[in-house]
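Printed here is structure_19.txt (compact mmCIF, C-alpha atoms and all ligand atoms):
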```txt
# COMPACT_ATOMS: atom_id res chain seq x y z
CA MET A 1 -270.85 -94.30 -50.56
CA ILE A 2 -273.40 -96.44 -48.67
CA ASP A 3 -275.33 -94.58 -45.96
CA VAL A 4 -274.15 -95.79 -42.53
CA MET A 5 -277.66 -95.98 -41.04
CA LEU A 6 -278.87 -98.04 -44.00
CA LEU A 7 -275.85 -100.33 -43.71
CA LEU A 8 -276.50 -100.92 -40.01
CA ASP A 9 -280.18 -101.69 -40.72
CA LEU A 10 -279.16 -104.20 -43.41
CA LEU A 11 -276.70 -105.80 -41.03
CA ARG A 12 -279.26 -106.06 -38.22
CA ASP A 13 -281.66 -107.81 -40.61
CA ALA A 14 -278.90 -110.10 -41.88
CA LEU A 15 -277.93 -111.04 -38.31
CA ALA A 16 -281.57 -111.76 -37.47
CA ARG A 17 -281.89 -114.04 -40.54
CA ARG A 18 -278.81 -115.96 -39.39
CA THR A 19 -279.90 -116.72 -35.81
CA GLY A 20 -280.62 -120.39 -36.49
CA LEU A 21 -277.61 -120.86 -38.75
CA LEU A 22 -275.19 -119.30 -36.27
CA ASP A 23 -276.58 -121.45 -33.44
CA ARG A 24 -275.98 -124.53 -35.59
CA LEU A 25 -272.50 -123.45 -36.69
CA HIS A 26 -271.40 -122.53 -33.17
CA GLY A 27 -272.80 -125.85 -31.95
CA GLU A 28 -270.69 -127.80 -34.43
CA GLY A 29 -267.47 -125.92 -33.63
CA THR A 30 -267.50 -123.33 -36.44
CA ASP A 31 -266.57 -119.70 -35.82
CA CYS A 32 -266.09 -118.45 -39.39
CA TYR A 33 -269.01 -117.38 -41.57
CA ARG A 34 -270.45 -114.59 -43.65
CA LEU A 35 -272.59 -112.03 -41.83
CA LEU A 36 -273.60 -109.82 -44.77
CA HIS A 37 -273.52 -111.02 -48.36
CA GLY A 38 -273.36 -108.06 -50.72
CA ILE A 39 -276.11 -107.26 -53.18
CA ALA A 40 -278.19 -110.32 -52.23
CA GLU A 41 -278.70 -108.66 -48.83
CA GLY A 42 -279.01 -105.07 -50.08
CA ALA A 43 -275.35 -104.05 -49.83
CA PRO A 44 -273.85 -104.17 -53.35
CA GLY A 45 -270.09 -104.62 -53.34
CA LEU A 46 -269.79 -105.19 -49.60
CA SER A 47 -269.28 -108.30 -47.51
CA VAL A 48 -268.85 -108.76 -43.77
CA ASP A 49 -267.25 -111.99 -42.51
CA ARG A 50 -266.23 -113.39 -39.18
CA TYR A 51 -263.05 -115.45 -39.12
CA GLY A 52 -262.52 -116.54 -35.51
CA SER A 53 -261.33 -113.45 -33.63
CA LEU A 54 -261.39 -111.23 -36.73
CA LEU A 55 -264.24 -109.27 -38.31
CA LEU A 56 -263.34 -108.65 -41.93
CA LEU A 57 -265.19 -106.19 -44.14
CA GLN A 58 -264.46 -106.18 -47.87
CA THR A 59 -265.56 -103.54 -50.35
CA PHE A 60 -265.54 -104.39 -54.05
CA ARG A 61 -266.99 -101.11 -55.38
CA GLU A 62 -266.93 -98.00 -53.21
CA PRO A 63 -264.76 -97.85 -50.09
CA LEU A 64 -266.32 -97.56 -46.61
CA SER A 65 -265.55 -94.62 -44.36
CA ALA A 66 -263.57 -95.32 -41.19
CA ALA A 67 -266.64 -94.28 -39.14
CA ALA A 68 -268.81 -96.82 -41.00
CA VAL A 69 -266.29 -99.60 -40.42
CA ASP A 70 -266.19 -98.80 -36.70
CA ALA A 71 -270.00 -98.65 -36.57
CA VAL A 72 -270.19 -102.15 -38.11
CA GLY A 73 -267.78 -103.43 -35.45
CA ASP A 74 -269.82 -101.71 -32.73
CA LEU A 75 -272.98 -103.46 -33.94
CA VAL A 76 -271.52 -106.93 -34.57
CA ASN A 77 -269.43 -107.29 -31.41
CA PRO A 78 -272.26 -106.94 -28.87
CA SER A 79 -274.64 -108.91 -31.14
CA LEU A 80 -272.27 -111.89 -31.11
CA GLY A 81 -271.11 -111.23 -27.54
CA LEU A 82 -267.50 -110.97 -28.73
CA GLU A 83 -264.59 -108.56 -29.03
CA LEU A 84 -263.47 -109.12 -32.61
CA ALA A 85 -260.61 -107.14 -34.12
CA VAL A 86 -261.91 -105.22 -37.15
CA ALA A 87 -260.25 -104.83 -40.55
CA CYS A 88 -261.55 -103.50 -43.84
CA ASN A 89 -260.03 -104.31 -47.23
CA HIS A 90 -260.96 -102.19 -50.22
CA ARG A 91 -260.75 -103.96 -53.59
CA GLY A 92 -262.87 -101.69 -55.73
CA ASP A 93 -262.49 -98.34 -57.49
CA ALA A 94 -259.77 -95.91 -56.42
CA PRO A 95 -261.08 -93.90 -53.45
CA PRO A 96 -261.47 -90.11 -53.77
CA PRO A 97 -258.26 -88.15 -52.95
CA ASP A 98 -259.57 -86.91 -49.58
CA PHE A 99 -260.72 -90.39 -48.48
CA VAL A 100 -259.45 -91.47 -45.06
CA PRO A 101 -259.34 -95.28 -44.85
CA HIS A 102 -260.05 -97.27 -41.72
CA GLU A 103 -256.79 -98.07 -39.93
CA PRO A 104 -257.00 -101.54 -38.46
CA ALA A 105 -255.26 -102.04 -35.12
CA ALA A 106 -252.31 -104.46 -35.07
CA PRO A 107 -254.35 -107.46 -33.81
CA ALA A 108 -256.56 -107.25 -36.90
CA LEU A 109 -253.54 -107.66 -39.17
CA ALA A 110 -251.95 -110.51 -37.25
CA GLU A 111 -252.31 -114.12 -38.35
CA HIS A 112 -255.50 -115.57 -36.85
CA ARG A 113 -256.86 -119.06 -36.45
CA CYS A 114 -260.47 -119.92 -37.02
CA GLN A 115 -262.44 -123.14 -36.59
CA GLU A 116 -264.72 -125.07 -38.89
CA ARG A 117 -266.39 -128.14 -37.39
CA GLY A 118 -263.45 -128.29 -35.00
CA ALA A 119 -260.78 -128.00 -37.73
CA THR A 120 -258.30 -125.14 -37.39
CA PHE A 121 -257.51 -122.86 -40.32
CA VAL A 122 -254.85 -120.18 -40.40
CA ILE A 123 -256.10 -116.92 -41.88
CA ARG A 124 -254.72 -113.47 -42.56
CA ALA A 125 -256.70 -110.35 -43.48
CA ARG A 126 -253.98 -108.85 -45.64
CA HIS A 127 -251.51 -110.65 -47.85
CA ARG A 128 -250.69 -110.62 -51.54
CA GLY A 129 -253.90 -112.36 -52.58
CA GLN A 130 -257.53 -111.40 -52.05
CA ASP A 131 -259.11 -114.13 -49.97
CA PRO A 132 -258.00 -114.44 -46.33
CA TRP A 133 -256.90 -118.06 -47.01
CA LEU A 134 -260.26 -119.80 -46.50
CA PHE A 135 -263.22 -119.67 -48.87
CA LEU A 136 -266.23 -119.66 -46.55
CA ASP A 137 -268.78 -120.57 -49.24
CA LEU A 138 -267.05 -123.93 -49.78
CA ARG A 139 -267.99 -125.03 -46.22
CA THR A 140 -270.58 -127.58 -47.36
CA GLY A 141 -268.07 -129.02 -49.83
CA ARG A 142 -265.52 -129.50 -47.05
CA ALA A 143 -268.20 -131.09 -44.85
CA LEU A 144 -269.12 -133.54 -47.61
CA VAL A 145 -265.50 -134.48 -48.28
CA GLN A 146 -264.94 -135.10 -44.58
CA GLN A 147 -268.04 -137.30 -44.51
CA LEU A 148 -266.91 -139.35 -47.55
CA ALA A 149 -263.19 -139.57 -46.86
CA ALA A 150 -262.74 -142.55 -44.51
CA GLY A 151 -260.09 -144.85 -45.99
CA LYS A 152 -260.25 -143.03 -49.35
CA ARG A 153 -257.51 -141.71 -51.63
CA VAL A 154 -258.32 -138.07 -52.37
CA LEU A 155 -256.96 -135.86 -55.16
CA ASN A 156 -257.49 -132.17 -54.34
CA LEU A 157 -256.98 -130.11 -57.50
CA PHE A 158 -256.68 -126.30 -57.37
CA ALA A 159 -256.08 -126.92 -53.69
CA TYR A 160 -255.22 -123.31 -52.63
CA THR A 161 -254.60 -123.53 -48.84
CA CYS A 162 -255.73 -127.20 -48.77
CA GLY A 163 -259.03 -126.60 -46.94
CA ILE A 164 -260.56 -129.59 -48.75
CA GLY A 165 -257.44 -131.66 -48.06
CA ILE A 166 -257.65 -130.91 -44.33
CA ALA A 167 -261.33 -131.92 -44.30
CA ALA A 168 -260.38 -135.19 -46.04
CA MET A 169 -257.66 -135.90 -43.47
CA ARG A 170 -260.05 -135.21 -40.62
CA GLY A 171 -262.46 -137.65 -42.22
CA GLY A 172 -259.80 -140.38 -42.12
CA ALA A 173 -258.50 -140.35 -45.72
CA ALA A 174 -255.80 -142.89 -46.56
CA ARG A 175 -253.99 -140.42 -48.82
CA VAL A 176 -254.54 -136.80 -49.86
CA LEU A 177 -252.66 -135.21 -52.75
CA ASN A 178 -253.12 -131.42 -52.94
CA VAL A 179 -252.09 -129.80 -56.24
CA ASP A 180 -251.75 -126.07 -56.89
CA PHE A 181 -249.25 -123.95 -58.79
CA ALA A 182 -249.01 -121.37 -56.00
CA GLN A 183 -246.33 -122.44 -53.53
CA SER A 184 -247.40 -119.67 -51.12
CA ALA A 185 -250.91 -121.20 -50.93
CA LEU A 186 -249.50 -124.72 -50.41
CA ASP A 187 -247.25 -123.36 -47.64
CA VAL A 188 -250.36 -122.15 -45.82
CA GLY A 189 -251.85 -125.59 -46.53
CA MET A 190 -248.90 -127.18 -44.71
CA GLN A 191 -249.45 -124.78 -41.81
CA ASN A 192 -253.10 -125.88 -41.76
CA ALA A 193 -252.05 -129.53 -41.77
CA ALA A 194 -249.68 -128.92 -38.84
CA ALA A 195 -252.40 -127.01 -36.95
CA ASN A 196 -254.68 -130.04 -37.27
CA GLY A 197 -252.07 -132.66 -36.42
CA CYS A 198 -252.29 -134.20 -39.89
CA ALA A 199 -248.98 -133.21 -41.51
CA ASP A 200 -247.99 -136.85 -41.93
CA ASP A 201 -247.11 -139.14 -44.85
CA ARG A 202 -250.72 -139.41 -45.94
CA PHE A 203 -250.87 -135.66 -46.69
CA ALA A 204 -248.87 -134.46 -49.71
CA VAL A 205 -248.67 -131.18 -51.60
CA LEU A 206 -247.49 -130.86 -55.19
CA LYS A 207 -246.59 -127.49 -56.71
CA SER A 208 -247.60 -127.82 -60.33
CA ASP A 209 -250.03 -126.73 -62.96
CA CYS A 210 -253.01 -129.04 -62.42
CA LEU A 211 -253.51 -129.78 -66.12
CA PRO A 212 -250.43 -131.99 -66.73
CA VAL A 213 -250.88 -133.70 -63.35
CA LEU A 214 -254.51 -134.51 -64.02
CA ARG A 215 -253.89 -135.72 -67.57
CA GLN A 216 -251.06 -138.01 -66.45
CA LEU A 217 -253.24 -139.46 -63.69
CA ALA A 218 -255.96 -140.02 -66.29
CA GLY A 219 -253.56 -141.78 -68.67
CA MET A 220 -253.99 -139.01 -71.26
CA PRO A 221 -251.18 -137.27 -73.17
CA VAL A 222 -250.05 -133.94 -71.73
CA GLN A 223 -250.64 -131.05 -74.12
CA ARG A 224 -248.23 -128.15 -73.97
CA ARG A 225 -247.57 -125.01 -75.94
CA GLY A 226 -243.83 -125.60 -76.40
CA LYS A 227 -241.81 -128.80 -76.24
CA HIS A 228 -239.61 -127.35 -73.53
CA VAL A 229 -242.24 -126.43 -70.99
CA PRO A 230 -241.37 -128.67 -68.03
CA PHE A 231 -243.88 -130.44 -65.82
CA PRO A 232 -243.42 -132.93 -62.98
CA PRO A 233 -243.75 -136.58 -64.01
CA VAL A 234 -246.56 -138.22 -62.05
CA ALA A 235 -247.05 -141.98 -61.94
CA ARG A 236 -250.59 -143.25 -62.42
CA GLU A 237 -252.34 -144.10 -59.17
CA PRO A 238 -256.02 -144.56 -58.40
CA PHE A 239 -258.04 -141.98 -56.50
CA ASP A 240 -261.44 -142.60 -54.96
CA LEU A 241 -262.40 -138.94 -54.78
CA VAL A 242 -261.21 -136.19 -57.10
CA VAL A 243 -262.05 -132.61 -56.13
CA LEU A 244 -262.11 -130.16 -59.02
CA ASP A 245 -262.42 -126.49 -58.01
CA PRO A 246 -261.05 -124.55 -60.99
CA PRO A 247 -260.88 -120.80 -61.59
CA ARG A 248 -263.28 -119.38 -64.16
CA PHE A 249 -260.76 -118.85 -66.95
CA ALA A 250 -257.02 -119.22 -67.30
CA LYS A 251 -254.54 -119.82 -70.11
CA THR A 252 -251.66 -121.98 -69.01
CA PRO A 253 -248.73 -123.50 -70.95
CA PHE A 254 -250.74 -126.76 -70.83
CA GLY A 255 -254.04 -125.53 -72.18
CA THR A 256 -256.96 -123.29 -71.38
CA ILE A 257 -259.26 -123.55 -68.39
CA ASP A 258 -262.69 -122.28 -69.42
CA VAL A 259 -265.41 -123.46 -67.09
CA VAL A 260 -268.13 -121.64 -69.06
CA ASN A 261 -267.45 -123.10 -72.50
CA ASP A 262 -265.32 -126.16 -71.85
CA TYR A 263 -265.75 -127.73 -68.41
CA GLN A 264 -265.38 -131.06 -70.17
CA SER A 265 -261.64 -130.76 -70.73
CA LEU A 266 -261.19 -130.84 -66.95
CA PHE A 267 -264.07 -133.14 -66.08
CA LYS A 268 -263.14 -135.93 -68.52
CA PRO A 269 -259.63 -136.50 -67.14
CA ALA A 270 -261.01 -136.15 -63.61
CA LEU A 271 -263.45 -139.00 -64.36
CA LEU A 272 -260.67 -141.10 -65.89
CA ALA A 273 -258.51 -140.55 -62.80
CA VAL A 274 -261.21 -141.92 -60.50
CA ALA A 275 -261.19 -145.57 -59.47
CA ALA A 276 -264.32 -147.67 -60.10
CA GLY A 277 -267.00 -146.77 -57.59
CA GLY A 278 -265.38 -143.39 -56.88
CA ALA A 279 -266.60 -139.84 -57.34
CA VAL A 280 -265.69 -136.36 -58.56
CA LEU A 281 -266.73 -133.35 -56.52
CA ALA A 282 -266.86 -130.54 -59.08
CA THR A 283 -267.48 -126.82 -58.62
CA ASN A 284 -268.52 -124.04 -60.93
CA HIS A 285 -268.31 -120.45 -59.62
CA VAL A 286 -269.66 -118.64 -62.66
CA PRO A 287 -272.98 -116.87 -61.89
CA THR A 288 -274.17 -116.95 -65.51
CA VAL A 289 -273.89 -120.75 -65.74
CA ALA A 290 -277.23 -122.35 -64.79
CA ALA A 291 -276.94 -125.42 -62.57
CA GLU A 292 -279.17 -127.53 -64.85
CA ALA A 293 -277.14 -126.76 -68.00
CA TRP A 294 -273.89 -127.47 -66.18
CA HIS A 295 -275.22 -130.80 -64.83
CA GLU A 296 -276.33 -131.78 -68.31
CA ALA A 297 -272.85 -130.99 -69.69
CA LEU A 298 -271.27 -133.14 -66.94
CA ARG A 299 -273.60 -136.07 -67.69
CA ARG A 300 -272.95 -135.85 -71.44
CA CYS A 301 -269.20 -135.63 -70.90
CA ALA A 302 -269.28 -138.72 -68.65
CA GLU A 303 -271.26 -140.72 -71.26
CA LYS A 304 -268.80 -139.75 -74.01
CA ALA A 305 -265.81 -140.57 -71.79
CA GLY A 306 -267.23 -144.07 -71.23
CA ARG A 307 -267.69 -143.39 -67.51
CA PRO A 308 -271.44 -142.75 -67.19
CA LEU A 309 -272.55 -141.31 -63.88
CA ARG A 310 -274.44 -143.46 -61.40
CA GLU A 311 -275.60 -140.31 -59.67
CA LEU A 312 -275.15 -136.55 -59.88
CA ALA A 313 -276.03 -134.86 -56.60
CA PRO A 314 -276.06 -131.06 -56.27
CA ILE A 315 -274.66 -129.82 -52.94
CA ALA A 316 -276.23 -126.62 -51.60
CA VAL A 317 -274.19 -123.82 -50.03
CA ASP A 318 -275.11 -122.73 -46.51
CA SER A 319 -277.57 -119.87 -45.97
CA ASP A 320 -274.91 -117.32 -45.01
CA PHE A 321 -274.45 -117.10 -48.81
CA PRO A 322 -278.04 -116.31 -49.82
CA SER A 323 -279.07 -115.59 -53.39
CA PHE A 324 -282.09 -113.69 -54.76
CA ASP A 325 -283.48 -116.59 -56.71
CA GLY A 326 -282.12 -119.70 -54.99
CA LYS A 327 -279.45 -119.87 -57.70
CA PRO A 328 -276.16 -119.15 -55.94
CA PRO A 329 -273.10 -118.44 -58.14
CA LEU A 330 -271.19 -121.31 -56.51
CA LYS A 331 -272.52 -124.65 -57.69
CA LEU A 332 -271.18 -127.92 -56.29
CA ALA A 333 -272.00 -131.35 -57.64
CA LEU A 334 -270.96 -134.81 -56.51
CA ALA A 335 -270.67 -137.07 -59.56
CA ARG A 336 -270.54 -140.76 -58.67
CA VAL A 337 -268.90 -142.93 -61.32
C1 LIG A 401 -260.75 -120.87 -56.30
S1 LIG A 401 -259.15 -121.22 -55.69
C2 LIG A 401 -259.46 -122.82 -55.16
C3 LIG A 401 -259.93 -122.91 -53.75
C4 LIG A 401 -259.67 -124.21 -53.09
N1 LIG A 401 -260.19 -125.36 -53.82
C5 LIG A 401 -260.16 -124.25 -51.65
O1 LIG A 401 -260.62 -125.30 -51.20
O2 LIG A 401 -260.03 -123.24 -50.96
C6 LIG A 401 -258.23 -121.45 -57.16
C7 LIG A 401 -256.81 -121.98 -56.94
O3 LIG A 401 -256.39 -122.52 -58.18
C8 LIG A 401 -255.03 -122.26 -58.35
N2 LIG A 401 -254.80 -122.39 -59.80
C9 LIG A 401 -255.36 -121.67 -60.80
N3 LIG A 401 -255.00 -122.18 -61.99
C10 LIG A 401 -254.19 -123.25 -61.75
C11 LIG A 401 -253.53 -124.20 -62.56
N4 LIG A 401 -253.62 -124.16 -63.88
N5 LIG A 401 -252.84 -125.17 -61.97
C12 LIG A 401 -252.72 -125.22 -60.62
N6 LIG A 401 -253.33 -124.35 -59.78
C13 LIG A 401 -254.07 -123.38 -60.34
C14 LIG A 401 -254.78 -120.93 -57.74
O4 LIG A 401 -253.43 -120.80 -57.34
C15 LIG A 401 -255.76 -120.98 -56.54
O5 LIG A 401 -255.10 -121.43 -55.39
```
Could you spell out this file's structure in structure tokens?
Amino acid sequence: MIDVMLLLDLLRDALARRTGLLDRLHGEGTDCYRLLHGIAEGAPGLSVDRYGSLLLLQTFREPLSAAAVDAVGDLVNPSLGLELAVACNHRGDAPPPDFVPHEPAAPALAEHRCQERGATFVIRARHRGQDPWLFLDLRTGRALVQQLAAGKRVLNLFAYTCGIGIAAMRGGAARVLNVDFAQSALDVGMQNAAANGCADDRFAVLKSDCLPVLRQLAGMPVQRRGKHVPFPPVAREPFDLVVLDPPRFAKTPFGTIDVVNDYQSLFKPALLAVAAGGAVLATNHVPTVAAEAWHEALRRCAEKAGRPLRELAPIAVDSDFPSFDGKPPLKLALARV
């Protein structure tokens, strides 16, 4: 188990490195960010995040003692000048039989609201899934979408809790279609839309596997494992911005998602679903995929699909997600068609 004194030293250093970033984020109305980023900051299998009024620790290897969790709270709260409720989620190996977990107080387990550039997001430390309903590392992606969205029709694939969709609405999008097969995530997305005053006709959610939706929008035949696997019919309509944020690997009744070996089978229909002059914002979360090789695969796919890219712009993640070598696992690229 990590030594508490070492952990507090690492956290002090991490807070010091973030002084400028936190000033900027607070200045632009953001109160959710990562304070300690695992192995890249000397703490393998451990992250510390602030989500509004909640301080959330997550352990992905060894659990943290209750005393260590409290000590982290005692360091962070005065450093930020706040009184955050503290919760710790353990996701790693089974703790030893005599392990006493940290017991979060009721406020830590309540639903919280946090802010990103003035947008409100509902979050919860504990629910059936792992992430507390907002992926912090996608902040620069949401900022870009908000910047590009005015008057645009936006297709948000693998939408989860619609963070990207909310950013698009706040940027003045004409239409946002959020697609995900998890109704529970889309329900949170609707809560987010209501919290931001944008649950109107322009904002739609569709519970479906993304593959048949995307292929229909691209004018491509839907592939499916059995004739009787149903999927919602979707009429073709043009989108100016398609956001593609797939999981690493998944087998679905409509095909396989494999972002390491076959990003093309998602990227090609995404390009075909984009109106002339539009763009695809694509992500790749796999640490072993090098940005350059992925960009090359995207360019080649676009050439072959007859939709060559005018520009392919990498989008950096913010510095609360540092990496050893400047090669963060999450890669974002804006591909202009
Ligand atoms: C990494 S999260 C996406 C995060 C999201 N883009 C955001 O802005 O927070 C992956 C999401 O993809 C969804 N998902 C995975 N495979 C899917 C599929 N084949 N069709 C639809 N949704 C899928 C999951 O339910 C999950 O919400």
Next item on the list: Go through the chains and note each residue within 9 Å of ligand LIG 401 (chain A), using all atoms listed in the file, then give the set as a ChimeraX atom specification.
Entry: /A:133-136,138-139,141-142,156-165,179-186,207-213,243-257,283,285
List as a short mmCIF file (atom, residue, chain, number, x, y, z; two decimals) with C-alpha atoms, in the coordinates of the input the protein and nucleic acid residues near A:Ala275, meaning an atom at most 8 Å away when all atoms listed in the file are counted, but skip any in the same chain fewer than 6 places from it.
```
data_model
loop_
_atom_site.label_atom_id
_atom_site.label_comp_id
_atom_site.auth_asym_id
_atom_site.auth_seq_id
_atom_site.Cartn_x
_atom_site.Cartn_y
_atom_site.Cartn_z
CA PRO A 238 -256.02 -144.56 -58.40
CA PHE A 239 -258.04 -141.98 -56.50
CA ASP A 240 -261.44 -142.60 -54.96
#
```
Next item on the list: Take atom CA of A:Ile123 and atom CA of A:Tyr51 and report the distance between them in Å, one decimal.
Entry: 7.6 Å
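The coordinates place atom CA of A:Asp187 at 17.5 Å from atom CA of A:Leu155.
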Next item on the list: Do a neighbour search on A:Ala87 at 7 Å with all atoms listed in the file, toss out local chain neighbours closer than 4 positions, and write the hits as a PyMOL selection string.
Entry: chain A and resi 55-57+104+108
Next item on the list: Do a neighbour search on stretch 109-116 of chain A at 10 Å with all atoms listed in the file, toss out local chain neighbours closer than 4 positions, and write the hits as a PyMOL selection string.
Entry: chain A and resi 25-26+28-33+50-54+85-87+104-105+120-127+132+134+136+139+142-143+163+167+192+195
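As for atom CA of A:Phe203 and atom CA of A:Ala119, they are spaced 15.4 Å apart.
Using all atoms listed in the file, the shortest contact distance between A:Leu21 and any of A:Gly151, A:Pro322, A:Gly42, A:Pro328 is found at A:Pro322.
Here the question is which of A:Glu62, A:Arg175, A:Val69, A:Val154 gets nearest to A:Pro96 using all atoms listed in the file, and that residue is A:Glu62.
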Next item on the list: For stretch 2-19 of chain A, work out the shell of residues within 12 Å, counting only C-alpha atoms and skipping chain neighbours fewer than 6 positions away, then give it as a ChimeraX atom specification.
Entry: /A:25-26,33-50,57,59,61-80,318-322
Next item on the list: Check the smallest atom-to-atom distance from each of A:Ala333, A:Ala302, A:Ile315, A:Ile166 to A:Gly118 using all atoms listed in the file, then report the winner.
Entry: A:Ile166
Next item on the list: Would you list the contacts of A:Val234 as a ChimeraX atom specification, taking every protein, DNA or RNA residue within 10 Å and counting only C-alpha atoms, but skipping same-chain residues closer than 2 positions in sequence?
Entry: /A:212-217,231-232,236-237
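For the choices A:Val317, A:Val176, A:Met220, A:Val259, the atom-to-atom distance to A:Ala273 is smallest for A:Met220 when using only C-alpha atoms.
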Box dimensions and centre (Å, one decimal) enclosing stretch 290-304 of chain A, axis-aligned, 6 Å extra per side, as AutoDock Vina command-line options:
```
--center_x -274.0 --center_y -131.5 --center_z -68.3 --size_x 22.4 --size_y 30.4 --size_z 23.4
```
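Closest approach to A:Leu148 from the set A:Leu82, A:Cys198, A:Leu309, A:Leu281 is made by A:Leu281, with distances taken over all atoms listed in the file.
With all atoms listed in the file as the basis for measurement, A:Val280 is the residue among A:Ala270, A:Arg202, A:Val280, A:Gly306 that approaches A:Leu332 most closely.
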